[in-house]
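*Asks:* Here you go, one structure.
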Amino acid sequence: MDLQFNIQIDFYQILDFIGTLAFAISGTRLAAAKHFDLFGAYIVGLTTAIGGGTVRDLLLGLSPFWMKDPFYLICSAIAVIWVVAFRKVLVRQDNTWFLFDTIGLALFTVVGMEKTLANDFPYWCAICMGAMTGAAGGVLRDVLINEVPLIFRKEIYALACVMGGIVFFLLHYFGCDENLCGILAGISVIIIRLLAVKYHLSLPRLKVEGTKEE
Amino acid sequence: MDLQFNIQIDFYQILDFIGTLAFAISGTRLAAAKHFDLFGAYIVGLTTAIGGGTVRDLLLGLSPFWMKDPFYLICSAIAVIWVVAFRKVLVRQDNTWFLFDTIGLALFTVVGMEKTLANDFPYWCAICMGAMTGAAGGVLRDVLINEVPLIFRKEIYALACVMGGIVFFLLHYFGCDENLCGILAGISVIIIRLLAVKYHLSLPRLKVEGTKEE
Amino acid sequence: MDLQFNIQIDFYQILDFIGTLAFAISGTRLAAAKHFDLFGAYIVGLTTAIGGGTVRDLLLGLSPFWMKDPFYLICSAIAVIWVVAFRKVLVRQDNTWFLFDTIGLALFTVVGMEKTLANDFPYWCAICMGAMTGAAGGVLRDVLINEVPLIFRKEIYALACVMGGIVFFLLHYFGCDENLCGILAGISVIIIRLLAVKYHLSLPRLKVEGTKEE
């Protein structure tokens with residue numbers, strides 16, 4: 001019993017490490033492409049990794065999760081070291097990091113939902129918070145490197161989180177155990193994201209005629 | 001008595017709907033002009049509509065207003081549908097949406113002030129929070145679409161909120177009923193904004209010689 | 001005794017005034033270089049001055065420091081007046097304002113650390129919050145004027161805050177009085193920053209081959 005619990009925790013922590021690392025590496029690489037210095041690259045990586053959860057915690061009125069445990073700051077430092085050490089072969093690791101990024105997206109979405117529900121907010125709010133936990137870090141990253149946020153223009157990303165959130169809600173509504181809801185919702189996020197990238201699925205772009213800036 | 005109360009609530013809700021819709025449409029249109037996809041346009045519209053109030057609530061230490069009621073998320077979805085449905089004739093609606101946007105600006109300013117005063121902050125702080133409720137959503141919108149915030153360069157906008165706030169304060173100081181203060185402050189915001197656009201009133205721009213980036 | 005206390009307070013307030021003014025002037029000047037209007041320049045100056053402390057207070061779950069005292073809003077107004085009044089000779093004041101900016105950086109770092117420790121967060125968190133108090137205002141400023149944040153690319157800036165924080169921690173660890181820790185940490189920040197600018201010390205920039213946007 002105890003053993004099982006510990007293994008579960010460890011498995012969660014491994015996923016959390018993988019996801020955080022992948023998010024931080026994505027931020028660090030984009031910062032490097034903009035010729036940021038080491039410190040700047042670290043901050044952008046860190047923001048990518050913890051930004052979504054921080055915004056969620058502030059909106060929920062909670063103390064940000066990373067302020068109790070230096071784990072996330074250390075992860076982001078490892079990400080910078082990784083990027084420096086493997087800078088010549090990072091492109092070859094693209095598929096791996098894409099997969100880890102997707103695992104992180106799924107995990108953060110589910111964690112964000114569970115934390116929101118645990119604080120007695122309604123389900124539609126939990127779905128928003130889940131998507132925000134997964135996707136807002138990338139938006140903050142793009143704001144810091146002064147680019148238009150990528151997730152508003154490329155393959156389905158945040159929408160995968162929303163869909164995962166709806167899966168969570170439906171399963172829970174029909175009486176499924178909450179742990180299982182979370183696992184299946186996370187798998188849904190991963191599948192949707194993988195399919196979206198494989199088949200270049202993206203939402204239609206808006207075209208409006210004669211838009212003046214107001 | 002009861003009836004009157006209900007009518008008042010409804011009138012407030014109609015104004016809130018109009019204002020939220022106008023703000024969201026302004027965000028959605030600007031996102032469309034930048035070729036965002038449907039989801040991105042929705043998020044930019046939503047941020048424009050709820051951004052100011054969210055920043056205000058976080059600064060006041062309150063739970064963000066939109067997390068209790070899906071009304072604002074639905075409004076922003078209606079805004080996207082509207083923009084898609086009327087994309088060829090939106091320019092012809094410009095005057096209407098400008099008017100609704102101005103109504104929203106006035107309403108959000110007054111609501112922001114009242115909420116700040118109700119939480120025992122001083123008057124100068126309420127004036128700041130009123131202007132922030134009205135104008136910060138537009139700033140966040142411009143950050144998301146990676147443009148220099150419009151309100152820092154064009155006709156008087158946030159300053160109309162500040163002036164409305166001062167009207168509120170003066171009326172209240174001289175013993176006017178708080179409901180009436182709010183209504184007259186809101187009307188002041190609308191009049192100042194309409195005059196500013198009609199006569200192209202804007203603040204002088206700063207010119208500084210030899211400014212180096214520090 | 002009483003007198004000494006008052007003088008200490010006054011000395012702190014003088015430093016706070018100098019630092020706030022220097023930060024606000026840096027923001028106002030950059031806004032002016034981007035042709036912002038008076039109101040926009042004021043907001044950018046104000047954000048530079050109070051942004052770091054506001055983010056810190058939100059993360060710590062406290063009411064933002066500037067909402068209790070109009071001092072900081074008035075300082076930022078003085079900054080705009082100063083920039084307008086001396087616009088033709090501001091370049092000649094560059095060394096003075098650089099020094100004042102550095103004093104502000106040191107003060108805000110120490111204040112940020114002390115406030116974080118007083119709220120029972122761990123030391124590594126206080127070092128983060130110190131650096132954030134010092135440097136995040138400048139990041140927000142650069143986001144508002146739509147530029148890549150300067151501190152991620154130029155001479156050592158935020159890292160000086162981190163180093164000052166480590167000095168604070170080490171002195172405190174070895175039993176030094178907390179007031180003295182703060183003073184020495186602040187002096188460390190100033191010295192590191194001055195040396196960094198004098199000798200153009202900066203961190204290496206990251207170079208990554210074949211970085212694709214993910």
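By convention in this document, the chains of the structure tokens carry letters A, B, ... by their order, each chain's residues are numbered from 1, and ligands are numbered from 1 in the order they are shown.
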With a distance threshold of 8 Å and counting only C-alpha atoms, extract the residues of chain C near chain B and express them as a ChimeraX atom specification.

*Replies:* /C:26,29-30,32-33,35-41,58,61-64,67-68,70,83-84,87-91,98,143-146

*Asks:* If we count only C-alpha atoms and set the cut-off at 8 Å, which residues sit around C:Val44, ignoring sequence neighbours fewer than 6 positions away in its own chain? Please answer as a ChimeraX atom specification.

*Replies:* /C:24,27-28,31,141,144-145

*Asks:* Using only C-alpha atoms, can you tell me which of B:Leu107, B:Met132, B:Val167, B:Ile74 comes closest to B:Gly52?

*Replies:* B:Met132

*Asks:* Just checking: using only C-alpha atoms, which residue out of A:Phe23, A:Phe100, A:Phe65, A:Tyr123 ends up closest to A:Ala79?

*Replies:*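 Looking only at the distances to A:Ala79, the closest residue turns out to be A:Phe23.
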
*Asks:* Which residues are close to C:Leu46, i.e. within 8 Å by only C-alpha atoms, leaving aside same-chain residues fewer than 4 positions away? Reply as a ChimeraX atom specification.

*Replies:* /C:24,27,42,50-51,72-73,76

*Asks:* Output C-alpha atoms for every residue in that selection, as a PDB file, in the first residue's frame.

*Replies:*
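The file below, part_30.pdb, is the result:
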```pdb
ATOM      1  CA  ALA C  24      10.437  56.217 -13.497  1.00  0.00           C
ATOM      2  CA  GLY C  27      10.734  54.372 -18.279  1.00  0.00           C
ATOM      3  CA  TYR C  42       3.654  58.428 -17.176  1.00  0.00           C
ATOM      4  CA  ILE C  50       6.488  49.956  -9.136  1.00  0.00           C
ATOM      5  CA  GLY C  51       6.257  46.928 -11.446  1.00  0.00           C
ATOM      6  CA  TYR C  72       5.022  56.391  -5.808  1.00  0.00           C
ATOM      7  CA  LEU C  73       2.388  57.859  -8.130  1.00  0.00           C
ATOM      8  CA  SER C  76       6.391  59.106 -11.291  1.00  0.00           C
TER       9      SER C  76
END
```

*Asks:* What is the distance between atom CA of A:Asp94 and atom CA of A:Tyr12, in Å to one decimal?

*Replies:*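 Distance reported for this atom pair: 23.4 Å.
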
*Asks:* So that I can check the surroundings of C:Ile14, please list as a PyMOL selection string every protein, DNA and RNA residue that reaches within 12 Å of it, counting only C-alpha atoms and ignoring chain neighbours fewer than 2 positions away.

*Replies:* chain C and resi 7-12+16-21+71+75+100+103-104+107

*Asks:* What would the file look like if the residues just selected were written as a compact mmCIF listing (two decimals), in the first residue's frame with N, CA, C and O atoms?

*Replies:*
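Output saved as selection.txt:
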```
# COMPACT_ATOMS: atom_id res chain seq x y z
N ILE C 7 15.78 59.71 11.74
CA ILE C 7 16.79 59.94 10.71
C ILE C 7 16.94 58.71 9.83
O ILE C 7 17.01 58.82 8.61
N GLN C 8 16.91 57.54 10.46
CA GLN C 8 17.01 56.30 9.69
C GLN C 8 15.86 56.19 8.68
O GLN C 8 16.07 55.91 7.52
N ILE C 9 14.66 56.44 9.16
CA ILE C 9 13.50 56.41 8.29
C ILE C 9 13.69 57.40 7.14
O ILE C 9 13.48 57.09 5.98
N ASP C 10 14.11 58.60 7.50
CA ASP C 10 14.24 59.62 6.48
C ASP C 10 15.29 59.22 5.44
O ASP C 10 15.10 59.44 4.25
N PHE C 11 16.40 58.65 5.91
CA PHE C 11 17.45 58.24 4.98
C PHE C 11 16.91 57.16 4.03
O PHE C 11 17.13 57.22 2.82
N TYR C 12 16.15 56.21 4.59
CA TYR C 12 15.52 55.18 3.76
C TYR C 12 14.60 55.82 2.73
O TYR C 12 14.59 55.46 1.55
N ASP C 16 14.62 55.73 -1.28
CA ASP C 16 13.44 55.23 -1.98
C ASP C 16 12.99 56.24 -3.03
O ASP C 16 12.66 55.88 -4.17
N PHE C 17 13.01 57.53 -2.65
CA PHE C 17 12.62 58.58 -3.59
C PHE C 17 13.58 58.62 -4.78
O PHE C 17 13.15 58.65 -5.94
N ILE C 18 14.88 58.60 -4.48
CA ILE C 18 15.90 58.64 -5.54
C ILE C 18 15.73 57.45 -6.50
O ILE C 18 15.73 57.61 -7.72
N GLY C 19 15.59 56.26 -5.93
CA GLY C 19 15.47 55.05 -6.75
C GLY C 19 14.21 55.06 -7.59
O GLY C 19 14.24 54.78 -8.79
N THR C 20 13.09 55.40 -6.95
CA THR C 20 11.82 55.43 -7.67
C THR C 20 11.87 56.43 -8.81
O THR C 20 11.45 56.15 -9.94
N LEU C 21 12.43 57.62 -8.52
CA LEU C 21 12.54 58.66 -9.53
C LEU C 21 13.41 58.17 -10.70
O LEU C 21 13.05 58.34 -11.87
N PHE C 71 2.71 58.22 -2.63
CA PHE C 71 4.11 58.63 -2.84
C PHE C 71 4.64 58.20 -4.21
O PHE C 71 5.25 59.00 -4.92
N CYS C 75 5.88 60.46 -7.30
CA CYS C 75 7.26 60.34 -7.80
C CYS C 75 7.27 60.21 -9.33
O CYS C 75 8.08 60.86 -10.00
N PHE C 100 21.78 56.86 -9.63
CA PHE C 100 20.54 56.78 -8.86
C PHE C 100 19.79 55.48 -9.19
O PHE C 100 19.20 54.85 -8.32
N ILE C 103 21.40 52.81 -7.25
CA ILE C 103 20.99 52.87 -5.84
C ILE C 103 19.59 52.26 -5.68
O ILE C 103 19.34 51.48 -4.77
N GLY C 104 18.69 52.62 -6.61
CA GLY C 104 17.34 52.05 -6.57
C GLY C 104 17.37 50.54 -6.70
O GLY C 104 16.70 49.82 -5.94
N LEU C 107 18.51 49.10 -3.40
CA LEU C 107 17.50 49.25 -2.35
C LEU C 107 16.33 48.29 -2.57
O LEU C 107 15.90 47.59 -1.64
```

*Asks:* Which distance in Å separates atom CA of B:Gly138 and atom CA of A:Thr109, to one decimal?

*Replies:*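 Between these atoms lies a distance of 27.5 Å.
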
*Asks:* Write down as JSON, numbers by chain the residues belonging to stretch 18-153 of chain B that are assigned alpha helix (DSSP H) by DSSP computed on the backbone.

*Replies:* {"B": [18, 19, 20, 21, 22, 23, 24, 25, 26, 27, 28, 29, 30, 31, 32, 33, 38, 39, 40, 41, 42, 43, 44, 45, 46, 47, 48, 49, 50, 51, 52, 53, 54, 55, 56, 57, 58, 59, 60, 71, 72, 73, 74, 75, 76, 77, 78, 79, 80, 81, 82, 83, 84, 85, 94, 95, 96, 97, 98, 99, 100, 101, 102, 103, 104, 105, 106, 107, 108, 109, 110, 111, 112, 113, 114, 115, 116, 117, 118, 123, 124, 125, 126, 127, 128, 129, 130, 131, 132, 133, 134, 135, 136, 137, 138, 139, 140, 141, 142, 143, 144]}
